[in-house]
file protein-v5.txt (compact mmCIF, C-alpha atoms)
# COMPACT_ATOMS: atom_id res chain seq x y z
CA PHE I 576 5.95 -20.57 31.24
CA GLN I 577 6.24 -22.92 34.24
CA ALA I 578 6.30 -22.04 37.89
CA PRO I 579 9.62 -22.73 39.66
CA ARG I 580 9.65 -25.75 41.96
CA PRO I 581 9.85 -25.04 45.69
CA VAL I 582 13.22 -25.31 47.33
CA LEU I 583 13.54 -28.44 49.50
CA PRO I 584 14.85 -28.45 53.04
CA VAL I 585 18.50 -29.17 53.57
CA GLY I 586 18.02 -32.85 54.46
CA GLN I 587 15.73 -33.63 51.58
CA ARG I 588 17.95 -31.64 49.26
CA ALA I 589 20.97 -33.74 50.18
CA SER I 590 19.09 -37.02 49.72
CA ALA I 591 17.77 -35.85 46.37
CA SER I 592 21.29 -34.92 45.31
CA ARG I 593 22.46 -38.44 46.15
CA ARG I 594 19.65 -39.95 44.06
CA CYS I 595 20.25 -37.67 41.04
CA PRO I 596 23.89 -36.57 41.16
CA GLY I 597 23.68 -34.90 37.74
CA LEU I 598 21.09 -32.31 38.80
CA PRO I 599 21.34 -29.35 41.16
CA PRO I 600 20.14 -30.00 44.72
CA ALA I 601 17.13 -27.72 44.30
CA MET I 602 15.84 -29.62 41.24
CA ALA I 603 16.93 -33.23 41.90
CA THR I 604 13.55 -34.44 43.11
CA SER I 605 11.98 -37.62 41.80
CA PRO I 606 8.59 -37.07 40.10
CA THR I 607 7.19 -40.02 42.03
CA SER I 608 8.43 -38.72 45.37
CA PRO I 609 5.70 -37.58 47.75
CA THR I 610 7.65 -34.40 48.35
CA ALA I 611 7.61 -33.37 44.64
CA ALA I 612 5.63 -30.19 44.07
CA ALA I 613 2.71 -30.39 41.64
CA PRO I 614 2.99 -28.00 38.68
CA VAL I 615 0.93 -24.87 39.08
CA PRO I 616 -1.50 -24.42 36.17
CA LEU I 617 -0.63 -21.07 34.53
CA VAL I 618 -2.94 -21.34 31.52
CA ALA I 619 -5.81 -19.53 33.21
CA GLU I 620 -3.49 -16.84 34.54
CA LEU I 621 -1.92 -16.31 31.11
CA HIS I 622 -5.33 -16.07 29.44
CA ALA I 623 -6.35 -13.46 31.99
CA LYS I 624 -3.41 -11.21 31.07
CA SER I 625 -3.55 -8.65 28.30
CA MET I 626 -1.61 -8.84 25.04
CA GLU I 627 0.82 -6.14 26.17
CA GLU I 628 1.65 -8.04 29.34
CA LEU I 629 2.13 -11.31 27.45
CA LEU I 630 4.44 -9.67 24.93
CA ARG I 631 6.41 -8.03 27.73
CA MET I 632 6.79 -11.39 29.49
CA GLN I 633 7.82 -13.03 26.25
CA SER I 634 10.42 -10.35 25.56
CA GLU I 635 11.90 -10.74 29.04
CA ALA I 636 12.01 -14.53 28.62
CA VAL I 637 13.79 -14.23 25.28
CA LYS I 638 16.32 -11.84 26.82
CA GLN I 639 16.96 -14.31 29.63
CA VAL I 640 17.44 -17.15 27.13
CA LEU I 641 19.89 -15.03 25.15
CA THR I 642 21.83 -14.24 28.33
CA ILE I 643 21.97 -17.93 29.26
CA ASN I 644 23.15 -18.89 25.79
CA GLN I 645 25.88 -16.26 25.92
CA ALA I 646 27.03 -17.59 29.28
CA ILE I 647 27.02 -21.18 27.96
CA ALA I 648 28.99 -20.17 24.91
CA ARG I 649 31.47 -18.22 27.00
CA LYS I 650 32.01 -21.14 29.35
CA SER I 651 32.22 -23.63 26.49
CA ARG I 652 35.11 -21.64 25.02
CA THR I 653 37.02 -21.25 28.27
CA ARG I 654 36.28 -24.26 30.50
CA THR I 655 34.89 -27.07 28.32
CA PRO I 656 36.51 -26.77 24.91
CA GLY I 657 34.96 -30.01 23.65
CA TYR I 658 31.36 -28.79 24.05
CA ALA I 659 29.43 -27.38 21.08
CA PRO I 660 26.55 -25.03 22.04
CA GLY I 661 23.08 -25.49 20.71
CA SER I 662 21.98 -28.93 21.89
CA ALA I 663 22.90 -31.49 24.56
CA ALA I 664 22.81 -34.20 21.88
CA ARG I 665 25.90 -32.63 20.28
CA ALA I 666 27.87 -32.52 23.51
CA LEU I 667 30.12 -35.38 22.51
CA ARG I 668 31.13 -33.79 19.23
CA PRO I 669 34.78 -32.70 19.41
CA ALA I 670 34.23 -29.14 18.26
CA VAL I 671 34.69 -25.70 19.77
CA ALA I 672 31.92 -23.11 19.59
CA THR I 673 32.60 -20.48 16.96
CA GLN I 674 31.27 -17.00 16.57
CA ASP I 675 29.06 -18.17 13.68
CA ASP I 676 27.35 -20.74 15.93
CA ILE I 677 26.65 -18.13 18.57
CA ARG I 678 25.40 -15.64 15.96
CA ASN I 679 23.06 -18.24 14.46
CA GLU I 680 21.61 -19.09 17.86
CA LYS I 681 21.03 -15.41 18.63
CA ALA I 682 19.33 -14.87 15.26
CA ALA I 683 17.06 -17.86 15.88
CA LEU I 684 15.96 -16.44 19.24
CA LYS I 685 15.41 -12.84 18.14
CA GLU I 686 11.94 -13.54 16.76
CA PRO I 687 9.19 -14.33 19.29
CA LEU I 688 8.52 -18.03 19.52
CA MET I 689 4.83 -17.59 18.82
CA MET I 690 5.68 -16.29 15.35
CA LYS I 691 7.37 -19.54 14.31
CA ARG I 692 4.49 -21.30 12.59
CA GLU I 693 6.19 -22.22 9.37
CA ASN I 694 5.22 -25.89 9.68
CA SER I 695 1.59 -25.15 10.45
CA ASN I 696 -1.15 -26.55 8.22
CA GLN I 697 -3.39 -23.53 8.60
CA PRO I 698 -4.54 -21.98 5.30
CA GLY I 699 -2.70 -18.86 4.24
CA VAL I 700 0.35 -19.55 6.42
CA GLU I 701 2.60 -21.15 3.84
CA GLY I 702 4.29 -18.47 1.76
CA GLY I 703 2.68 -15.66 3.74
CA PHE I 704 -0.44 -13.64 2.99
CA GLY I 705 -0.40 -10.06 1.73
CA ILE I 706 2.13 -8.05 3.74
CA PHE I 707 2.49 -10.85 6.33
CA ALA I 708 5.45 -13.19 6.16
CA SER I 709 5.10 -16.95 6.44
CA GLY I 710 3.73 -17.78 9.92
CA ALA I 711 4.01 -14.19 11.17
CA MET I 712 1.34 -12.39 13.17
CA PHE I 713 2.72 -8.90 12.41
CA PRO I 714 3.30 -7.21 9.01
CA ASP I 715 6.66 -7.80 7.37
CA ALA I 716 8.62 -4.59 6.73
CA ASP I 717 10.24 -5.96 3.58
CA LYS I 718 6.87 -6.88 2.07
CA ILE I 719 5.50 -3.42 2.90
CA LYS I 720 8.48 -1.83 1.11
CA GLU I 721 7.95 -4.06 -1.93
CA LYS I 722 4.27 -3.11 -2.05
CA VAL I 723 5.10 0.63 -1.87
CA ARG I 724 7.74 0.28 -4.60
CA ALA I 725 5.28 -1.60 -6.81
CA SER I 726 2.67 1.13 -6.38
CA LEU I 727 5.19 3.91 -7.10
CA PHE I 728 6.67 2.30 -10.20
CA GLU I 729 3.53 0.91 -11.77
CA PRO I 730 3.64 1.04 -15.58
CA GLU I 731 1.56 3.86 -17.04
CA VAL I 732 -1.58 2.79 -18.86
CA ASN I 733 -1.80 4.03 -22.44
CA PRO I 734 -5.36 5.23 -23.16
CA GLU I 735 -5.07 3.94 -26.72
CA ASP I 736 -4.86 0.39 -25.36
CA MET I 737 -8.52 0.76 -24.35
CA PHE I 738 -9.61 1.99 -27.80
CA LYS I 739 -11.61 -0.05 -30.25
CA THR I 740 -9.86 -1.91 -33.03
CA THR I 741 -12.35 -1.01 -35.73
CA GLY I 742 -14.24 2.15 -36.69
CA TRP I 743 -13.34 5.62 -37.90
CA CYS I 744 -13.41 7.19 -34.40
CA GLN I 745 -10.52 5.10 -33.15
CA GLU I 746 -8.63 5.73 -36.42
CA VAL I 747 -9.00 9.49 -36.02
CA ALA I 748 -8.11 9.35 -32.30
CA ARG I 749 -4.96 7.33 -33.05
CA ASN I 750 -3.91 9.48 -36.00
CA GLN I 751 -0.76 11.48 -35.24
CA LEU I 752 -1.77 14.31 -37.59
CA PHE I 753 -5.02 14.76 -35.67
CA LYS I 754 -3.04 14.90 -32.42
CA ASN I 755 -0.69 17.55 -33.82
CA ILE I 756 -3.60 19.67 -35.09
CA THR I 757 -5.26 19.42 -31.69
CA MET I 758 -2.08 20.59 -29.96
CA LEU I 759 -1.78 23.52 -32.38
CA VAL I 760 -5.38 24.56 -31.72
CA ILE I 761 -4.77 24.38 -27.96
CA VAL I 762 -1.82 26.78 -28.30
CA MET I 763 -3.86 29.12 -30.50
CA ASN I 764 -6.73 29.05 -27.98
CA ALA I 765 -4.36 29.99 -25.15
CA ILE I 766 -3.16 32.99 -27.15
CA TRP I 767 -6.70 33.94 -28.08
CA ILE I 768 -7.80 33.94 -24.43
CA GLY I 769 -5.24 36.66 -23.74
CA VAL I 770 -6.41 38.68 -26.79
CA ASP I 771 -10.07 38.29 -25.78
CA THR I 772 -9.31 39.41 -22.22
CA ASP I 773 -7.56 42.61 -23.39
CA LEU I 774 -9.63 43.65 -26.44
CA ASN I 775 -13.17 42.34 -25.92
CA PRO I 776 -15.23 45.05 -24.16
CA ALA I 777 -18.35 42.89 -23.65
CA ASP I 778 -19.04 40.78 -20.59
CA LEU I 779 -21.33 38.29 -22.37
CA GLU I 780 -20.58 36.27 -25.48
CA ILE I 781 -23.75 37.42 -27.21
CA ASP I 782 -22.76 41.08 -26.75
CA SER I 783 -19.19 40.61 -28.05
CA PRO I 784 -18.04 41.90 -31.47
CA LEU I 785 -18.58 39.52 -34.38
CA ILE I 786 -14.91 38.49 -34.70
CA PHE I 787 -14.83 37.31 -31.10
CA GLN I 788 -18.04 35.36 -31.48
CA VAL I 789 -16.78 33.59 -34.62
CA VAL I 790 -13.43 32.61 -33.12
CA ASP I 791 -14.98 31.47 -29.83
CA ASN I 792 -17.52 29.31 -31.66
CA PHE I 793 -14.76 27.80 -33.80
CA PHE I 794 -12.72 26.76 -30.75
CA CYS I 795 -15.81 25.44 -28.96
CA LEU I 796 -16.87 23.44 -32.01
CA PHE I 797 -13.40 21.94 -32.59
CA PHE I 798 -12.86 20.90 -28.96
CA SER I 799 -16.38 19.42 -28.80
CA PHE I 800 -15.62 17.37 -31.92
CA GLU I 801 -12.25 16.25 -30.53
CA ILE I 802 -13.60 15.13 -27.14
CA THR I 803 -16.54 13.35 -28.81
CA VAL I 804 -14.20 11.40 -31.13
CA ARG I 805 -12.04 10.36 -28.20
CA PHE I 806 -15.08 9.25 -26.22
CA MET I 807 -16.46 7.19 -29.11
CA ALA I 808 -13.07 5.51 -29.62
CA TYR I 809 -13.18 3.66 -26.27
CA GLN I 810 -14.38 0.08 -26.24
CA ARG I 811 -16.42 0.72 -23.08
CA SER I 812 -17.79 4.08 -22.12
CA GLY I 813 -16.69 3.63 -18.51
CA ASP I 814 -13.05 3.30 -19.55
CA ALA I 815 -13.06 6.92 -20.71
CA PHE I 816 -13.69 8.16 -17.20
CA LYS I 817 -10.75 6.11 -15.88
CA ASP I 818 -8.43 8.27 -18.01
CA PHE I 819 -7.48 11.41 -16.05
CA SER I 820 -6.50 13.37 -19.18
CA PHE I 821 -9.88 12.68 -20.79
CA VAL I 822 -11.80 13.74 -17.67
CA PHE I 823 -9.75 16.93 -17.41
CA ASP I 824 -10.27 17.83 -21.10
CA LEU I 825 -13.98 17.03 -20.81
CA SER I 826 -14.36 19.44 -17.89
CA LEU I 827 -12.67 22.21 -19.90
CA VAL I 828 -14.86 21.58 -22.93
CA LEU I 829 -18.04 21.59 -20.83
CA THR I 830 -16.98 24.90 -19.30
CA MET I 831 -16.43 26.37 -22.78
CA ILE I 832 -19.79 25.07 -24.01
CA TRP I 833 -21.52 26.66 -21.01
CA GLU I 834 -19.85 30.02 -21.60
CA VAL I 835 -20.17 30.20 -25.40
CA TRP I 836 -23.42 28.38 -26.26
CA ILE I 837 -25.61 27.75 -23.22
CA THR I 838 -25.15 31.22 -21.72
CA SER I 839 -25.90 32.87 -25.06
CA ILE I 840 -29.04 30.79 -25.53
CA LEU I 841 -30.27 31.63 -22.02
CA VAL I 842 -29.64 35.34 -22.56
CA MET I 843 -31.49 35.29 -25.89
CA MET I 844 -34.45 33.53 -24.29
CA MET I 845 -34.55 36.05 -21.45
CA GLN I 846 -34.35 38.99 -23.85
CA ARG I 847 -37.15 37.54 -25.99
CA SER I 848 -39.36 37.00 -22.96
CA VAL I 849 -38.70 40.52 -21.74
CA GLY I 850 -39.42 41.93 -25.20
CA SER I 851 -42.70 40.06 -25.50
CA ALA I 852 -43.71 41.29 -22.05
CA ASN I 853 -43.00 44.88 -23.01
CA MET I 854 -45.04 44.53 -26.20
CA SER I 855 -48.00 43.15 -24.27
CA VAL I 856 -47.86 46.09 -21.91
call {"tool": "encode", "arguments": {"input": "protein-v5.txt", "output": "C-alpha cells"}}
result
Amino acid sequence: FQAPRPVLPVGQRASASRRCPGLPPAMATSPTSPTAAAPVPLVAELHAKSMEELLRMQSEAVKQVLTINQAIARKSRTRTPGYAPGSAARALRPAVATQDDIRNEKAALKEPLMMKRENSNQPGVEGGFGIFASGAMFPDADKIKEKVRASLFEPEVNPEDMFKTTGWCQEVARNQLFKNITMLVIVMNAIWIGVDTDLNPADLEIDSPLIFQVVDNFFCLFFSFEITVRFMAYQRSGDAFKDFSFVFDLSLVLTMIWEVWITSILVMMMQRSVGSANMSV
C-alpha cells in the first residue's frame, strides 16, 4: 500500500499537466521536481497492525481493484472498442473485451495476493503440503474433503494378512471348518446362557448342579483354546491387539474364565480356610 500524493496548488497543477499531458493534473509531477512529495514509509505502520486489520485492508483493496476493472471493462466495451482489458501492453491489439476476459480477471483477483507464491523456492510450497494448496497460507477445502473421503473409505484390514505363513496355529485359525464350529459354539453358548439364567438356582458356579458346571467348563475351555490359537497365529503379538474383533473376544473369554474358574478356585480356598479354622477351634 502506498500513501496518496498530496494535491498540488492550481498553478503547479497546470504546469505539471503541461509537462505530462498523459497524466491527471493531480499526479503529473516530475519525480525530480522539488515540489514532488516523498513517499511515506508504511512498512512500520503495517507491521504494527494486527492480522485481522491487514486482512480487512487487503479485502477492501481487492474489492476496489475489482470495481476498477469492471469500470474499465465497461468503458472499453462502450467508448473504446479497440482496447482489450488486462494490460496496457495489449492496448494496441484490435480486440474487444469479452465476458470470458472479464471473468478470468475477476477469478485471478479473488484470491488474496499474498497467497500467490507458486513460483517461490521455499521448501514445501511446490505441490502443496498436507491440506494446504500450493503457495497457500490457509487450508484448502478440496484437500480437506479428499482427506475425509480417504479416511471414510479406507480398505478394511483382514486379520489373516497379519498371520504367520507357517505353523499349525495359523493353519487352524485359517481353516474354514474351525471358523464354522466356532460360530456354532457361539450360538449354542447364547442359548445356554438363557437356560442357565432360568433353571440354575445357584448364584456361584461351584454351587451349581453338575450339568451346569460341565457345560460351563466346556464352553470356557473351547473359547480359551480358540482365542489362544488366534493369538499364536499372529506374526507379532502386538498385531493381535490392533484387531478390534480379537480384543473384544479376548475380553469376553477373560470374563468367562473369571466367572467359571477363578471365582470357583477362590471360593474353594476360602471354604478350606474356614474349615481348617473351625477344626482348630
call {"tool": "closest_residue", "arguments": {"input": "protein-v5.txt", "among": "I:Cys744, I:Pro776, I:Trp836, I:Val732", "to": "Val789 (chain I)", "atoms": "all atoms listed in the file"}}
result
I:Trp836
call {"tool": "atom_distance", "arguments": {"input": "protein-v5.txt", "atom1": "CA of Lys650 (chain I)", "atom2": "CA of Val637 (chain I)"}}
result
19.9 Å
call {"tool": "residues_around", "arguments": {"input": "protein-v5.txt", "residues": "Phe816 (chain I)", "least_positions_apart": "4", "cutoff": "12 Å", "atoms": "all atoms listed in the file", "output": "PyMOL selection string"}}
result
chain I and resi 734+737+805-806+809+811-812+820-826
call {"tool": "residues_near_point", "arguments": {"input": "protein-v5.txt", "point": "(-4.1, 11.4, -33.1)", "cutoff": "12 Å", "atoms": "all atoms listed in the file", "output": "list in words"}}
result
Pro734, Glu735, Trp743, Cys744, Gln745, Glu746, Val747, Ala748, Arg749, Asn750, Gln751, Leu752, Phe753, Lys754, Asn755, Ile756, Thr757, Met758, Glu801, Ile802, Val804, Arg805 and Ala808 of chain I
call {"tool": "residues_around", "arguments": {"input": "protein-v5.txt", "residues": "region 766-773 of chain I", "least_positions_apart": "5", "cutoff": "9 Å", "atoms": "all atoms listed in the file", "output": "JSON, numbers by chain"}}
result
{"I": [761, 787, 790, 791]}
call {"tool": "closest_residue", "arguments": {"input": "protein-v5.txt", "among": "I:Asp782, I:Cys795, I:Ile719, I:Glu635", "to": "Trp833 (chain I)", "atoms": "all atoms listed in the file"}}
result
I:Cys795
call {"tool": "closest_residue", "arguments": {"input": "protein-v5.txt", "among": "I:Gln810, I:Met831, I:Leu621, I:Ile643", "to": "Lys739 (chain I)", "atoms": "all atoms listed in the file"}}
result
I:Gln810
call {"tool": "atom_distance", "arguments": {"input": "protein-v5.txt", "atom1": "CA of Phe738 (chain I)", "atom2": "CA of Phe798 (chain I)"}}
result
19.2 Å
call {"tool": "axis_aligned_box", "arguments": {"input": "protein-v5.txt", "around": "region 767-782 of chain I", "padding_each_side": "8 Å", "output": "JSON"}}
result
{"center_x": -14.5, "center_y": 39.5, "center_z": -24.3, "size_x": 34.5, "size_y": 27.1, "size_z": 23.5}
call {"tool": "atom_distance", "arguments": {"input": "protein-v5.txt", "atom1": "CA of Ile781 (chain I)", "atom2": "CA of Ser839 (chain I)"}}
result
5.5 Å
call {"tool": "closest_residue", "arguments": {"input": "protein-v5.txt", "among": "I:Ile786, I:Glu834, I:Gln846, I:Glu731", "to": "Phe819 (chain I)", "atoms": "only C-alpha atoms"}}
result
I:Glu731
call {"tool": "closest_residue", "arguments": {"input": "protein-v5.txt", "among": "I:Leu796, I:Met844, I:Val760, I:Ala815", "to": "Asn733 (chain I)", "atoms": "only C-alpha atoms"}}
result
I:Ala815
call {"tool": "closest_residue", "arguments": {"input": "protein-v5.txt", "among": "I:Ala648, I:Ala716, I:Ile837, I:Val640", "to": "Asn792 (chain I)", "atoms": "only C-alpha atoms"}}
result
I:Ile837
